file input_15.cif (mmCIF, C-alpha atoms)
data_structure
#
loop_
_atom_site.label_atom_id
_atom_site.label_comp_id
_atom_site.auth_asym_id
_atom_site.auth_seq_id
_atom_site.Cartn_x
_atom_site.Cartn_y
_atom_site.Cartn_z
CA MET A 214 213.77 -14.51 113.71
CA SER A 215 213.17 -14.09 109.98
CA VAL A 216 215.29 -11.70 107.93
CA SER A 217 213.71 -9.52 105.27
CA LYS A 218 215.26 -8.49 101.99
CA GLU A 219 214.48 -4.86 102.80
CA THR A 220 216.57 -5.07 105.98
CA VAL A 221 219.52 -6.46 104.02
CA ILE A 222 219.25 -3.71 101.40
CA GLU A 223 219.16 -0.99 104.05
CA ARG A 224 222.23 -2.41 105.78
CA LEU A 225 224.12 -2.67 102.48
CA LYS A 226 223.50 1.03 101.90
CA THR A 227 226.07 1.64 104.64
CA VAL A 228 228.82 0.12 102.47
CA ASN A 229 230.68 2.67 100.36
CA GLY A 230 231.06 2.04 96.66
CA PRO A 231 234.40 2.00 94.79
CA ASP A 232 236.51 5.08 95.59
CA PHE A 233 234.01 5.96 98.35
CA THR A 234 231.48 7.27 95.81
CA GLY A 235 227.95 6.62 97.03
CA ASN A 236 226.99 3.20 98.33
CA ILE A 237 226.89 -0.17 96.61
CA VAL A 238 223.07 -0.32 96.59
CA ASP A 239 222.42 3.11 95.06
CA LEU A 240 225.21 2.50 92.57
CA GLY A 241 223.35 -0.60 91.42
CA LEU A 242 226.18 -3.00 92.15
CA VAL A 243 224.16 -5.47 94.22
CA SER A 244 222.52 -8.38 92.42
CA GLU A 245 219.23 -10.04 93.27
CA ILE A 246 219.25 -11.04 96.95
CA PHE A 247 218.21 -14.55 97.99
CA ILE A 248 217.43 -15.56 101.56
CA ALA A 249 216.93 -19.09 102.82
CA ASP A 250 217.05 -20.48 106.34
CA SER A 251 218.49 -17.19 107.66
CA LYS A 252 221.31 -17.26 105.09
CA VAL A 253 221.76 -14.36 102.66
CA PHE A 254 223.14 -14.90 99.16
CA PHE A 255 224.08 -12.18 96.60
CA SER A 256 226.88 -10.85 94.41
CA ILE A 257 228.49 -7.45 93.82
CA THR A 258 229.45 -6.28 90.34
CA VAL A 259 232.80 -4.50 90.11
CA PRO A 260 235.08 -3.39 87.23
CA ALA A 261 237.04 -6.35 85.88
CA ALA A 262 240.38 -4.49 85.97
CA ARG A 263 239.91 -3.73 89.67
CA ALA A 264 238.44 -7.02 90.84
CA GLN A 265 241.37 -7.98 93.07
CA GLU A 266 241.45 -4.67 94.93
CA MET A 267 237.70 -4.89 95.59
CA GLU A 268 238.00 -7.76 98.07
CA PRO A 269 237.75 -5.36 101.07
CA LEU A 270 234.47 -4.06 99.63
CA ARG A 271 233.13 -7.61 99.37
CA ALA A 272 234.30 -8.40 102.90
CA ALA A 273 232.64 -5.23 104.23
CA ALA A 274 229.32 -6.16 102.62
CA GLU A 275 229.53 -9.67 104.03
CA ARG A 276 230.37 -8.33 107.49
CA VAL A 277 227.49 -5.85 107.74
CA VAL A 278 224.98 -8.45 106.60
CA LYS A 279 226.24 -11.03 109.09
CA GLU A 280 225.73 -8.44 111.85
CA ILE A 281 221.98 -8.28 111.13
CA PRO A 282 220.05 -10.01 113.93
CA GLY A 283 218.72 -13.33 112.70
CA VAL A 284 221.30 -13.77 109.90
CA ALA A 285 223.12 -17.09 110.30
CA ASN A 286 225.52 -16.57 107.41
CA ALA A 287 226.14 -14.48 104.29
CA VAL A 288 227.52 -15.62 100.94
CA VAL A 289 228.88 -12.71 98.91
CA ALA A 290 230.60 -13.14 95.55
CA LEU A 291 232.31 -10.56 93.34
CA THR A 292 231.14 -10.45 89.74
CA ALA A 293 233.84 -8.93 87.54
CA GLU A 294 232.29 -7.91 84.25
CA LYS A 295 234.45 -8.46 81.20
CA LYS A 296 235.97 -5.67 79.15
CA GLY A 297 233.34 -4.13 76.97
CA GLY A 298 230.63 -4.95 79.47
CA GLY A 299 230.11 -1.33 80.44
CA MET A 300 232.16 -1.29 83.67
CA GLU A 301 235.32 0.42 82.38
CA ALA A 302 233.94 3.92 82.83
CA PRO A 303 233.26 5.39 86.29
CA VAL A 304 230.44 3.58 88.02
CA ARG A 305 227.05 5.11 87.23
CA PRO A 306 224.00 4.69 89.44
CA ARG A 307 221.35 2.24 88.30
CA PRO A 308 218.12 1.16 89.98
CA ALA A 309 218.57 -0.42 93.39
CA PRO A 310 217.29 -3.96 93.88
CA GLN A 311 213.62 -4.09 94.72
CA ALA A 312 211.93 -6.35 97.19
CA ALA A 313 210.97 -9.71 95.76
CA PRO A 314 209.88 -13.08 97.12
CA GLN A 315 212.64 -14.85 98.96
CA ARG A 316 214.26 -17.76 97.16
CA PRO A 317 216.18 -20.51 98.93
CA ALA A 318 219.92 -20.81 98.59
CA PRO A 319 222.28 -23.53 99.75
CA GLN A 320 224.10 -23.29 103.04
CA GLN A 321 227.55 -21.65 103.16
CA ARG A 322 230.42 -22.20 105.53
CA PRO A 323 234.20 -22.54 105.10
CA ALA A 324 234.91 -25.77 103.28
CA PRO A 325 236.51 -28.46 105.45
CA GLN A 326 239.99 -29.71 104.77
CA ALA A 327 240.03 -32.63 102.36
CA PRO A 328 242.61 -35.30 101.71
CA ALA A 329 244.98 -34.83 98.82
CA SER A 330 243.52 -35.85 95.47
CA HIS A 331 245.00 -37.70 92.54
CA SER A 332 244.63 -34.54 90.41
CA HIS A 333 247.37 -31.97 90.89
CA GLY A 334 246.12 -28.60 92.16
CA LYS A 335 242.62 -29.92 92.91
CA ARG A 336 241.37 -30.43 96.43
CA GLY A 337 239.60 -33.71 97.12
CA VAL A 338 236.23 -34.03 98.84
CA PRO A 339 236.26 -35.72 102.27
CA GLY A 340 234.74 -39.17 102.31
CA ILE A 341 234.55 -39.56 98.51
CA ASP A 342 236.94 -41.97 96.83
CA ALA A 343 236.16 -41.10 93.19
CA ILE A 344 234.08 -38.49 91.35
CA ILE A 345 232.67 -39.21 87.89
CA ALA A 346 231.12 -36.55 85.65
CA VAL A 347 228.33 -37.52 83.25
CA ALA A 348 228.22 -34.91 80.50
CA SER A 349 226.86 -34.14 77.05
CA GLY A 350 227.57 -31.45 74.53
CA LYS A 351 223.88 -30.57 74.27
CA GLY A 352 220.60 -31.12 76.05
CA GLY A 353 217.92 -33.63 75.13
CA VAL A 354 220.16 -36.69 74.74
CA GLY A 355 219.07 -38.40 77.97
CA LYS A 356 222.10 -37.44 80.05
CA SER A 357 220.28 -37.25 83.40
CA THR A 358 218.48 -40.55 82.83
CA THR A 359 221.82 -42.11 81.94
CA ALA A 360 223.49 -40.56 85.00
CA VAL A 361 220.90 -41.84 87.47
CA ASN A 362 220.81 -45.35 85.99
CA LEU A 363 224.61 -45.42 85.89
CA ALA A 364 224.65 -44.49 89.59
CA LEU A 365 222.11 -47.21 90.37
CA GLY A 366 224.12 -49.66 88.25
CA LEU A 367 227.25 -48.88 90.24
CA ALA A 368 225.29 -49.39 93.46
CA ALA A 369 223.86 -52.68 92.17
CA ASN A 370 227.45 -53.77 91.51
CA GLY A 371 228.26 -53.32 95.20
CA LEU A 372 229.59 -49.76 95.46
CA SER A 373 228.42 -47.02 97.82
CA VAL A 374 227.21 -44.23 95.53
CA GLY A 375 226.08 -40.61 95.68
CA VAL A 376 224.62 -38.33 93.01
CA LEU A 377 225.23 -34.60 92.69
CA ASP A 378 222.75 -32.83 90.40
CA ALA A 379 224.99 -30.04 89.05
CA ASP A 380 222.38 -28.67 86.65
CA ILE A 381 221.35 -25.55 88.56
CA TYR A 382 218.94 -24.30 85.91
CA GLY A 383 217.27 -27.65 85.17
CA PRO A 384 217.63 -30.07 88.11
CA SER A 385 216.21 -33.53 87.36
CA MET A 386 217.19 -35.74 90.28
CA PRO A 387 214.26 -34.95 92.62
CA ARG A 388 211.81 -36.21 90.02
CA LEU A 389 213.95 -39.05 88.65
CA LEU A 390 214.53 -40.45 92.14
CA ASN A 391 211.10 -39.53 93.58
CA ILE A 392 212.62 -37.54 96.45
CA HIS A 393 210.62 -34.79 98.13
CA GLY A 394 211.20 -32.40 101.00
CA ARG A 395 214.15 -30.31 102.16
CA PRO A 396 217.56 -31.59 103.29
CA GLN A 397 218.40 -31.29 106.97
CA THR A 398 221.60 -29.90 108.42
CA VAL A 399 224.18 -31.65 110.55
CA ASP A 400 224.70 -29.53 113.68
CA GLY A 401 223.55 -26.55 111.63
CA LYS A 402 226.80 -26.63 109.64
CA VAL A 403 226.62 -28.98 106.66
CA LEU A 404 223.74 -30.45 104.70
CA ARG A 405 222.72 -34.07 105.03
CA PRO A 406 222.04 -35.54 101.56
CA MET A 407 218.62 -36.85 100.66
CA GLN A 408 218.36 -40.61 100.05
CA ASN A 409 216.41 -43.10 97.99
CA TYR A 410 217.17 -46.45 96.34
CA GLY A 411 220.42 -46.60 98.31
CA LEU A 412 221.81 -43.39 96.76
CA ARG A 413 222.80 -40.22 98.60
CA VAL A 414 221.60 -37.28 96.55
CA MET A 415 221.95 -33.49 96.53
CA SER A 416 220.26 -31.11 94.09
CA ILE A 417 219.27 -27.45 94.00
CA GLY A 418 215.84 -28.90 93.26
CA PHE A 419 215.56 -29.82 96.95
CA LEU A 420 216.03 -26.19 97.92
CA VAL A 421 213.67 -24.44 95.48
CA ASP A 422 210.23 -25.24 94.13
CA GLU A 423 210.17 -27.25 90.90
CA GLU A 424 208.59 -24.42 88.90
CA THR A 425 210.80 -21.64 90.29
CA PRO A 426 213.17 -20.31 87.59
CA MET A 427 216.78 -19.84 88.66
CA ILE A 428 218.08 -16.42 87.60
CA TRP A 429 221.49 -16.55 89.26
CA ARG A 430 224.60 -15.15 87.67
CA GLY A 431 227.68 -17.30 87.02
CA PRO A 432 229.46 -16.67 90.36
CA MET A 433 226.29 -17.50 92.28
CA VAL A 434 225.90 -20.73 90.33
CA MET A 435 229.48 -21.69 91.10
CA SER A 436 229.04 -20.85 94.78
CA ALA A 437 225.97 -23.08 94.91
CA LEU A 438 227.79 -25.94 93.17
CA THR A 439 230.75 -25.60 95.54
CA GLN A 440 228.47 -25.76 98.55
CA MET A 441 226.52 -28.77 97.28
CA LEU A 442 229.81 -30.57 96.64
CA ARG A 443 231.93 -29.60 99.64
CA GLU A 444 229.38 -28.73 102.32
CA VAL A 445 227.37 -31.94 102.27
CA GLU A 446 227.98 -34.93 104.53
CA TRP A 447 228.57 -37.29 101.59
CA GLY A 448 230.90 -39.92 102.92
CA PRO A 449 231.91 -42.53 103.02
CA LEU A 450 231.29 -43.09 99.30
CA ASP A 451 233.12 -45.18 96.75
CA VAL A 452 231.94 -42.92 93.97
CA LEU A 453 229.99 -39.69 93.44
CA VAL A 454 228.24 -39.39 90.06
CA VAL A 455 227.86 -35.76 88.95
CA ASP A 456 225.05 -35.04 86.52
CA MET A 457 226.65 -32.11 84.68
CA PRO A 458 224.69 -29.33 82.94
CA PRO A 459 224.47 -29.75 79.16
CA GLY A 460 226.99 -27.90 77.04
CA THR A 461 230.49 -26.59 77.74
CA GLY A 462 229.93 -23.36 79.68
CA ASP A 463 231.38 -21.83 82.85
CA ALA A 464 229.83 -24.39 85.20
CA GLN A 465 231.25 -27.35 83.32
CA LEU A 466 234.68 -25.80 82.88
CA THR A 467 234.95 -24.75 86.53
CA MET A 468 233.90 -28.19 87.75
CA ALA A 469 236.46 -29.80 85.44
CA GLN A 470 239.24 -27.45 86.57
CA GLN A 471 238.59 -27.36 90.32
CA VAL A 472 237.14 -30.78 91.18
CA PRO A 473 239.39 -33.89 91.22
CA LEU A 474 237.36 -35.81 88.66
CA ALA A 475 238.33 -39.45 88.23
CA GLY A 476 236.95 -39.18 84.71
CA ALA A 477 234.03 -38.20 82.50
CA VAL A 478 231.36 -40.22 80.71
CA ILE A 479 230.05 -38.61 77.51
CA VAL A 480 226.43 -39.27 76.51
CA SER A 481 225.31 -38.83 72.90
CA THR A 482 222.67 -40.02 70.49
CA PRO A 483 223.79 -41.61 67.22
CA GLN A 484 223.08 -38.78 64.78
CA ASP A 485 225.80 -36.49 63.47
CA LEU A 486 224.43 -33.28 65.02
CA ALA A 487 224.55 -34.74 68.52
CA LEU A 488 228.01 -36.18 67.92
CA ILE A 489 229.35 -32.76 66.91
CA ASP A 490 228.34 -31.42 70.32
CA ALA A 491 229.61 -34.55 72.08
CA ARG A 492 233.05 -33.92 70.58
CA LYS A 493 233.05 -30.46 72.15
CA GLY A 494 232.39 -31.89 75.59
CA LEU A 495 234.99 -34.59 75.11
CA ASN A 496 237.61 -32.08 73.96
CA MET A 497 236.86 -29.80 76.91
CA PHE A 498 237.69 -32.57 79.38
CA LYS A 499 240.83 -33.48 77.48
CA LYS A 500 242.06 -29.89 77.57
CA VAL A 501 241.76 -29.75 81.35
CA ASP A 502 243.40 -33.19 81.78
CA VAL A 503 240.29 -35.06 82.89
CA PRO A 504 240.29 -38.67 81.63
CA VAL A 505 237.42 -39.53 79.30
CA LEU A 506 236.14 -42.87 80.60
CA GLY A 507 234.09 -43.51 77.48
CA ILE A 508 231.03 -42.71 75.37
CA VAL A 509 227.48 -44.02 75.79
CA GLU A 510 225.18 -44.13 72.75
CA ASN A 511 221.73 -43.35 74.13
CA MET A 512 218.50 -43.86 72.13
CA SER A 513 220.61 -46.16 69.99
CA TYR A 514 217.71 -48.10 68.44
CA PHE A 515 214.03 -48.85 68.94
CA LEU A 516 212.42 -52.28 69.21
CA ALA A 517 208.70 -52.22 68.40
CA PRO A 518 206.91 -53.77 71.40
CA ASP A 519 204.29 -55.49 69.22
CA THR A 520 206.49 -56.95 66.48
CA GLY A 521 209.98 -56.85 67.94
CA LYS A 522 211.18 -55.19 64.74
CA ARG A 523 214.18 -52.93 65.15
CA TYR A 524 214.19 -49.31 63.94
CA ASP A 525 217.28 -47.08 63.93
CA ILE A 526 215.35 -43.84 64.38
CA PHE A 527 218.38 -41.64 64.97
CA GLY A 528 220.77 -43.74 62.95
CA HIS A 529 222.96 -46.28 64.66
CA GLY A 530 226.58 -46.79 65.61
CA GLY A 531 227.64 -43.16 65.35
CA ALA A 532 228.90 -42.99 68.93
CA ARG A 533 230.77 -46.28 68.57
CA ARG A 534 232.51 -45.06 65.42
CA GLU A 535 233.30 -41.75 67.11
CA ALA A 536 234.79 -43.56 70.11
CA GLU A 537 236.97 -45.65 67.81
CA ARG A 538 238.05 -42.58 65.87
CA LEU A 539 239.00 -40.70 69.03
CA GLY A 540 240.59 -43.68 70.75
CA VAL A 541 238.23 -43.74 73.75
CA THR A 542 236.22 -46.61 75.21
CA PHE A 543 232.76 -47.29 73.83
CA LEU A 544 230.71 -48.09 76.92
CA GLY A 545 227.53 -49.40 75.35
CA GLU A 546 224.23 -48.83 73.54
CA VAL A 547 221.03 -47.93 75.38
CA PRO A 548 217.84 -48.45 73.36
CA LEU A 549 215.01 -45.97 72.93
CA GLU A 550 212.59 -47.90 75.10
CA MET A 551 209.24 -46.74 76.48
CA GLY A 552 209.84 -48.50 79.79
CA ILE A 553 212.94 -46.39 80.47
CA ARG A 554 210.98 -43.20 79.87
CA GLU A 555 207.94 -44.32 81.85
CA SER A 556 209.94 -45.50 84.86
CA SER A 557 212.02 -42.32 84.86
CA ASP A 558 208.91 -40.11 84.78
CA ALA A 559 207.45 -42.17 87.64
CA GLY A 560 210.55 -41.62 89.79
CA SER A 561 211.56 -45.28 89.67
CA PRO A 562 214.48 -45.64 87.21
CA VAL A 563 214.58 -48.86 85.23
CA VAL A 564 217.56 -50.32 87.12
CA VAL A 565 215.40 -50.48 90.26
CA ALA A 566 211.97 -50.76 88.59
CA LYS A 567 212.93 -53.81 86.50
CA PRO A 568 216.26 -54.99 87.90
CA GLU A 569 216.15 -58.28 85.97
CA GLY A 570 215.18 -56.65 82.67
CA ALA A 571 217.37 -56.24 79.61
CA GLU A 572 217.68 -52.48 80.00
CA ALA A 573 218.80 -52.75 83.63
CA LYS A 574 221.47 -55.23 82.56
CA ILE A 575 222.71 -52.77 79.93
CA TYR A 576 223.16 -50.06 82.56
CA ARG A 577 224.86 -52.44 84.98
CA ASP A 578 227.26 -53.50 82.23
CA ILE A 579 228.00 -49.87 81.43
CA ALA A 580 228.57 -49.22 85.14
CA SER A 581 231.04 -52.12 85.29
CA LYS A 582 232.99 -50.76 82.33
CA VAL A 583 233.01 -47.27 83.82
CA TRP A 584 234.41 -48.52 87.13
CA GLU A 585 237.03 -50.60 85.33
CA ARG A 586 238.11 -47.47 83.48
CA VAL A 587 238.29 -45.51 86.74
CA LEU A 588 240.60 -48.14 88.22
CA GLU A 589 242.70 -48.19 85.04
CA GLU A 590 243.12 -44.42 85.07
CA ARG A 591 243.94 -44.45 88.76
CA GLY A 592 246.57 -47.13 88.25
CA ALA A 593 248.09 -45.19 85.35
CA SER A 594 248.15 -42.00 87.42
CA GLU A 595 249.84 -43.67 90.38
CA ALA A 596 252.34 -45.40 88.11
CA ALA A 597 253.29 -42.05 86.60
CA VAL A 598 254.32 -40.64 90.00
CA PRO A 599 258.03 -41.32 90.60
CA SER A 600 259.09 -42.89 93.90
CA ILE A 601 262.15 -41.75 95.81
CA VAL A 602 264.14 -44.46 97.58
CA PHE A 603 266.66 -43.57 100.27
CA GLU A 604 269.45 -46.06 100.76
#
call {"tool": "encode", "arguments": {"input": "input_15.cif", "output": "structure tokens"}}
result
Amino acid sequence: MSVSKETVIERLKTVNGPDFTGNIVDLGLVSEIFIADSKVFFSITVPAARAQEMEPLRAAAERVVKEIPGVANAVVALTAEKKGGGMEAPVRPRPAPQAAPQRPAPQQRPAPQAPASHSHGKRGVPGIDAIIAVASGKGGVGKSTTAVNLALGLAANGLSVGVLDADIYGPSMPRLLNIHGRPQTVDGKVLRPMQNYGLRVMSIGFLVDEETPMIWRGPMVMSALTQMLREVEWGPLDVLVVDMPPGTGDAQLTMAQQVPLAGAVIVSTPQDLALIDARKGLNMFKKVDVPVLGIVENMSYFLAPDTGKRYDIFGHGGARREAERLGVTFLGEVPLEMGIRESSDAGSPVVVAKPEGAEAKIYRDIASKVWERVLEERGASEAAVPSIVFE
């Protein structure tokens, strides 16, 4: 039995607003509503100063929606607007949400218990031994291409590998890995990752059409990321590579603070402007105590296919010098090469398209260095934990 957005809106009108004034729909507190596979996904905006006391309101909205025939689950988040955002004064009515085409949302259920992680205060993900973030301070530096070839390089080196596409607004993995279709569920509870080239993959791009714009607010983005990380049958995996969104916003910071990352790989091009943004990403991870595994210089140089002459289009060596200056590992240089771009666009990344080629070897070497750094950081972390001996 399908569930309509109109039915959800009508049921939410039975939930009183703050201080029992009106209802949450007529007060304009309900965000856009998304429905996928009988699961309902939305958020409720409440005054920031009263966010904690509004949990019963959130629970009431979740309960009434779950009671609708045909609803398998409801995911309801509170959005607490910051001071100055217009929520300090008494709540004023604003237009109620209107019916719109349904958009898919990931599955929601209580996250399973996970084993203790190496990072204090961060809950590990069952079946995953290590999680690596691939990040950049800005877009357009080839981060996703680097992430997918790094993952394939790790797999080529004998590890079991998964990829989480954490870029909600611009998912790339479905195209890069030539994966189509929708993920299936395991007993209707957790998602089974999609697979190709030996990788297990999850992306919001599997749940929405490629040309559908995502207009979710921050809490909805974080709920989706949490579900794709913790409600997917990943394991057993040696390593999960997370293709992070570009920049240093809420999604990146929350992932760094809540997920037990084994470390982060920073991707940059050689020129100064890109390096300025790369520093921001690197400093963000340092501030939240996530080890920086190293820096990759992407689009490092160009070799003309007809003459073999080398051109440093974006300069050269900037990332290496930055790594030396900051005292982090320089992982390697990846050339600006037409074959990398063509194979990526075709959904057959260069590590699998030309496994014996020079570019594939570069990525495999980078993967080896990354894994060595993971093991080094793990050893340092375990050595730092004191042991208690009873005599």
call {"tool": "closest_residue", "arguments": {"input": "input_15.cif", "among": "A:Val445, A:Ile222, A:Ala368, A:Leu588", "to": "Arg405 of chain A", "atoms": "only C-alpha atoms"}}
result
A:Val445
call {"tool": "atom_distance", "arguments": {"input": "input_15.cif", "atom1": "atom CA of Val505 of chain A", "atom2": "atom CA of Ala477 of chain A"}}
result
4.8 Å
call {"tool": "closest_residue", "arguments": {"input": "input_15.cif", "among": "A:Val455, A:Leu404, A:Val503, A:Leu412", "to": "Ala379 of chain A", "atoms": "only C-alpha atoms"}}
result
A:Val455
call {"tool": "closest_residue", "arguments": {"input": "input_15.cif", "among": "A:Ser436, A:Ser513, A:Thr227, A:Ser481", "to": "His529 of chain A", "atoms": "only C-alpha atoms"}}
result
A:Ser513
call {"tool": "atom_distance", "arguments": {"input": "input_15.cif", "atom1": "atom CA of Gly235 of chain A", "atom2": "atom CA of Pro260 of chain A"}}
result
15.7 Å
call {"tool": "closest_residue", "arguments": {"input": "input_15.cif", "among": "A:Val354, A:Ala593, A:Val284, A:Ile508", "to": "Leu549 of chain A", "atoms": "only C-alpha atoms"}}
result
A:Val354
call {"tool": "resolve_selection", "arguments": {"input": "input_15.cif", "expression": "the PyMOL selection byres ((chain A and resi 411) around 12)", "output": "PyMOL selection string"}}
result
chain A and resi 361+364-369+371-376+390+406-410+412-414+450+565
call {"tool": "closest_residue", "arguments": {"input": "input_15.cif", "among": "A:Ala536, A:Gly241, A:Pro483, A:Pro473", "to": "Tyr514 of chain A", "atoms": "only C-alpha atoms"}}
result
A:Pro483
call {"tool": "resolve_selection", "arguments": {"input": "input_15.cif", "expression": "the PyMOL selection byres ((chain A and resi 530) around 9)", "output": "list of chain:residue names"}}
result
A:Pro483, A:Gln484, A:Glu510, A:Ser513, A:Gly528, A:His529, A:Gly531, A:Ala532, A:Arg533, A:Arg534, A:Glu535, A:Glu546
call {"tool": "resolve_selection", "arguments": {"input": "input_15.cif", "expression": "the PyMOL selection byres ((chain A and resi 468) around 12)", "output": "ChimeraX atom specification"}}
result
/A:335-336,344-348,377,379-380,434-439,442,455-458,461-467,469-474,476-477,497-498,501,503
call {"tool": "residues_around", "arguments": {"input": "input_15.cif", "residues": "Met267 of chain A", "least_positions_apart": "5", "cutoff": "9 Å", "atoms": "all atoms listed in the file", "output": "ChimeraX atom specification"}}
result
/A:231,259-260,272,291
call {"tool": "atom_distance", "arguments": {"input": "input_15.cif", "atom1": "atom CA of Pro339 of chain A", "atom2": "atom CA of Pro562 of chain A"}}
result
28.3 Å
call {"tool": "residues_around", "arguments": {"input": "input_15.cif", "residues": "Pro269 of chain A", "least_positions_apart": "5", "cutoff": "12 Å", "atoms": "all atoms listed in the file", "output": "PyMOL selection string"}}
result
chain A and resi 228-232+257+263-264+274-276+289-291
call {"tool": "closest_residue", "arguments": {"input": "input_15.cif", "among": "A:Arg271, A:Arg492, A:Lys226, A:Lys500", "to": "Arg538 of chain A", "atoms": "only C-alpha atoms"}}
result
A:Arg492
call {"tool": "residues_around", "arguments": {"input": "input_15.cif", "residues": "Ile246 of chain A", "least_positions_apart": "6", "cutoff": "7 Å", "atoms": "all atoms listed in the file", "output": "PyMOL selection string"}}
result
chain A and resi 218+254-255
call {"tool": "residues_around", "arguments": {"input": "input_15.cif", "residues": "Ala287 of chain A", "least_positions_apart": "4", "cutoff": "8 Å", "atoms": "all atoms listed in the file", "output": "tab-separated table (two decimals) with C-alpha atoms, in the frame of the given file"}}
result
chain	number	residue	atom	x	y	z
A	252	LYS	CA	221.31	-17.26	105.09
A	253	VAL	CA	221.76	-14.36	102.66
A	254	PHE	CA	223.14	-14.90	99.16
A	275	GLU	CA	229.53	-9.67	104.03
A	278	VAL	CA	224.98	-8.45	106.60
A	279	LYS	CA	226.24	-11.03	109.09
A	321	GLN	CA	227.55	-21.65	103.16
call {"tool": "decode", "arguments": {"input": "input_15.cif", "residues": "segment 568-584 of chain A", "atoms": "N, CA and C atoms", "output": "JSON list (two decimals), in the first residue's frame"}}
result
[["chain", "number", "residue", "atom", "x", "y", "z"],
["A", 568, "PRO", "N", 45.12, -1.95, -15.73],
["A", 568, "PRO", "CA", 45.79, -2.31, -14.48],
["A", 568, "PRO", "C", 47.31, -2.37, -14.57],
["A", 569, "GLU", "N", 47.85, -2.56, -15.77],
["A", 569, "GLU", "CA", 49.30, -2.62, -15.92],
["A", 569, "GLU", "C", 49.89, -1.28, -16.34],
["A", 570, "GLY", "N", 49.05, -0.26, -16.49],
["A", 570, "GLY", "CA", 49.53, 1.04, -16.94],
["A", 570, "GLY", "C", 50.24, 1.82, -15.85],
["A", 571, "ALA", "N", 50.90, 2.89, -16.25],
["A", 571, "ALA", "CA", 51.67, 3.72, -15.31],
["A", 571, "ALA", "C", 50.77, 4.39, -14.29],
["A", 572, "GLU", "N", 49.59, 4.86, -14.75],
["A", 572, "GLU", "CA", 48.70, 5.56, -13.83],
["A", 572, "GLU", "C", 48.14, 4.61, -12.77],
["A", 573, "ALA", "N", 47.80, 3.38, -13.17],
["A", 573, "ALA", "CA", 47.31, 2.40, -12.20],
["A", 573, "ALA", "C", 48.37, 2.10, -11.15],
["A", 574, "LYS", "N", 49.62, 2.02, -11.59],
["A", 574, "LYS", "CA", 50.72, 1.78, -10.64],
["A", 574, "LYS", "C", 50.84, 2.92, -9.64],
["A", 575, "ILE", "N", 50.65, 4.16, -10.12],
["A", 575, "ILE", "CA", 50.71, 5.31, -9.21],
["A", 575, "ILE", "C", 49.67, 5.18, -8.12],
["A", 576, "TYR", "N", 48.44, 4.84, -8.50],
["A", 576, "TYR", "CA", 47.37, 4.71, -7.51],
["A", 576, "TYR", "C", 47.63, 3.55, -6.55],
["A", 577, "ARG", "N", 48.16, 2.44, -7.07],
["A", 577, "ARG", "CA", 48.45, 1.32, -6.18],
["A", 577, "ARG", "C", 49.56, 1.67, -5.19],
["A", 578, "ASP", "N", 50.54, 2.44, -5.65],
["A", 578, "ASP", "CA", 51.60, 2.89, -4.75],
["A", 578, "ASP", "C", 51.06, 3.81, -3.68],
["A", 579, "ILE", "N", 50.17, 4.72, -4.09],
["A", 579, "ILE", "CA", 49.53, 5.61, -3.11],
["A", 579, "ILE", "C", 48.74, 4.79, -2.10],
["A", 580, "ALA", "N", 48.00, 3.79, -2.60],
["A", 580, "ALA", "CA", 47.21, 2.94, -1.71],
["A", 580, "ALA", "C", 48.11, 2.22, -0.71],
["A", 581, "SER", "N", 49.27, 1.75, -1.16],
["A", 581, "SER", "CA", 50.19, 1.07, -0.24],
["A", 581, "SER", "C", 50.68, 2.02, 0.85],
["A", 582, "LYS", "N", 51.00, 3.25, 0.47],
["A", 582, "LYS", "CA", 51.46, 4.23, 1.45],
["A", 582, "LYS", "C", 50.35, 4.58, 2.44],
["A", 583, "VAL", "N", 49.14, 4.70, 1.91],
["A", 583, "VAL", "CA", 48.01, 5.02, 2.79],
["A", 583, "VAL", "C", 47.81, 3.92, 3.82],
["A", 584, "TRP", "N", 47.85, 2.67, 3.38],
["A", 584, "TRP", "CA", 47.62, 1.56, 4.32],
["A", 584, "TRP", "C", 48.76, 1.45, 5.33]]
